[in-house]
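Peer 1: Okay, handing you the structure first.
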Amino acid sequence: MSHSHLPVYNASLETFDEVVIGDSHRRPVLVDLWADWCPPCLVIAPVLEKVVGDYGGRVALVKIEVDAGENMKIAGRYRVRGFPTILLIEAGEEVGRFSSARPAHFIREFIEQHSRLLAQSD
């Protein structure tokens, strides 16, 4: 469950460029490509929200349910084969990805390892 003060958003094919690409020029954006029939997707969701919350607004999380509307086209654009897949987008480009449920420490290390924007703001 997302809290209104956390930088956690839902996006669709129609809003992807504005919500993800636009915001990725200001801060790293984790994109969670998920499906409600996918148990690991449901496991990682609160972990992603916790990690993003720990960054205090310096990292955003955008959740995209791939089975809603035409959202599967986003998965196709990024050649995603399985779910969940988490993309890290900065300056409009994918800078990293991982798949399947992972613990919080893995996600933090992934962000720190791949993010250029966070390194510049430290």
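Every chain in the structure tokens has a letter given in the order shown (A, B, ...), and although residue numbers restart at 1 in each chain, ligands are simply numbered from 1 in the order shown.
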Using only C-alpha atoms, find each residue of region 8-81 of chain A with at least one atom at most 7 Å away from an atom of region 100-121 of chain A; report its shortest atom-to-atom pair and that distance in Å (one decimal), sort the rows by chain and rising residue number, and return the result as JSON lines.
Peer 2:
{"residue": "A:Arg27", "atom": "CA", "partner": "A:Leu117", "partner_atom": "CA", "distance": 6.2}
{"residue": "A:Pro28", "atom": "CA", "partner": "A:Leu117", "partner_atom": "CA", "distance": 6.5}
{"residue": "A:Pro40", "atom": "CA", "partner": "A:Ala101", "partner_atom": "CA", "distance": 5.3}
{"residue": "A:Cys41", "atom": "CA", "partner": "A:Ala101", "partner_atom": "CA", "distance": 6.7}
{"residue": "A:Val43", "atom": "CA", "partner": "A:Ala101", "partner_atom": "CA", "distance": 6.5}
{"residue": "A:Ile44", "atom": "CA", "partner": "A:Ala101", "partner_atom": "CA", "distance": 5.0}
{"residue": "A:Val47", "atom": "CA", "partner": "A:Ala104", "partner_atom": "CA", "distance": 5.9}
{"residue": "A:Val51", "atom": "CA", "partner": "A:Ala104", "partner_atom": "CA", "distance": 6.3}
Peer 1: So that I can see what lies close to region 76-84 of chain A, please list as number ranges by chain the residues with an atom at most 12 Å from it, counting only C-alpha atoms and leaving out residues fewer than 5 positions away in the same chain.
Peer 2: A: 13, 16, 31-45, 48, 63-67, 70-71, 89, 93-102
Peer 1: Could you go through chain A and tell me which residues DSSP, when run on the backbone, assigns to strand (DSSP E), listing them as a PyMOL selection string?
Peer 2: chain A and resi 8-10+29-34+60-65+85-90+93-99
Peer 1: Using C-alpha atoms, can you write the selected residues to a file as an mmCIF file, in the first residue's frame?
Peer 2:
data_model
loop_
_atom_site.group_PDB
_atom_site.id
_atom_site.type_symbol
_atom_site.label_atom_id
_atom_site.label_comp_id
_atom_site.auth_asym_id
_atom_site.auth_seq_id
_atom_site.Cartn_x
_atom_site.Cartn_y
_atom_site.Cartn_z
ATOM 1 C CA VAL A 8 5.181 6.258 -5.774
ATOM 2 C CA TYR A 9 3.066 6.612 -8.900
ATOM 3 C CA ASN A 10 1.066 4.477 -11.290
ATOM 4 C CA VAL A 29 13.003 6.460 -11.481
ATOM 5 C CA LEU A 30 12.475 2.787 -10.665
ATOM 6 C CA VAL A 31 9.866 1.307 -12.993
ATOM 7 C CA ASP A 32 8.120 -1.773 -11.585
ATOM 8 C CA LEU A 33 6.611 -3.795 -14.450
ATOM 9 C CA TRP A 34 4.240 -6.159 -12.668
ATOM 10 C CA ALA A 60 10.754 7.774 -7.533
ATOM 11 C CA LEU A 61 8.897 4.499 -8.061
ATOM 12 C CA VAL A 62 6.483 4.089 -10.953
ATOM 13 C CA LYS A 63 4.303 0.994 -11.024
ATOM 14 C CA ILE A 64 2.992 -0.289 -14.353
ATOM 15 C CA GLU A 65 0.521 -3.162 -14.395
ATOM 16 C CA THR A 85 11.173 -6.601 -13.947
ATOM 17 C CA ILE A 86 12.452 -3.409 -12.370
ATOM 18 C CA LEU A 87 14.056 -0.822 -14.643
ATOM 19 C CA LEU A 88 16.130 2.119 -13.466
ATOM 20 C CA ILE A 89 15.581 5.113 -15.763
ATOM 21 C CA GLU A 90 17.720 8.261 -15.702
ATOM 22 C CA GLU A 93 17.414 6.056 -20.642
ATOM 23 C CA GLU A 94 17.494 2.648 -18.973
ATOM 24 C CA VAL A 95 20.652 2.458 -16.863
ATOM 25 C CA GLY A 96 19.957 -0.877 -15.150
ATOM 26 C CA ARG A 97 17.423 -3.633 -14.541
ATOM 27 C CA PHE A 98 16.759 -6.696 -12.444
ATOM 28 C CA SER A 99 14.076 -9.357 -12.380
#
Peer 1: As JSON, numbers by chain, list the residues of chain A assigned to alpha helix (DSSP H) by DSSP on the backbone atoms of this structure.
Peer 2: {"A": [16, 39, 40, 41, 42, 43, 44, 45, 46, 47, 48, 49, 50, 51, 52, 53, 54, 72, 73, 74, 75, 76, 77, 104, 105, 106, 107, 108, 109, 110, 111, 112, 113, 114, 116, 117, 118, 119, 120, 121]}
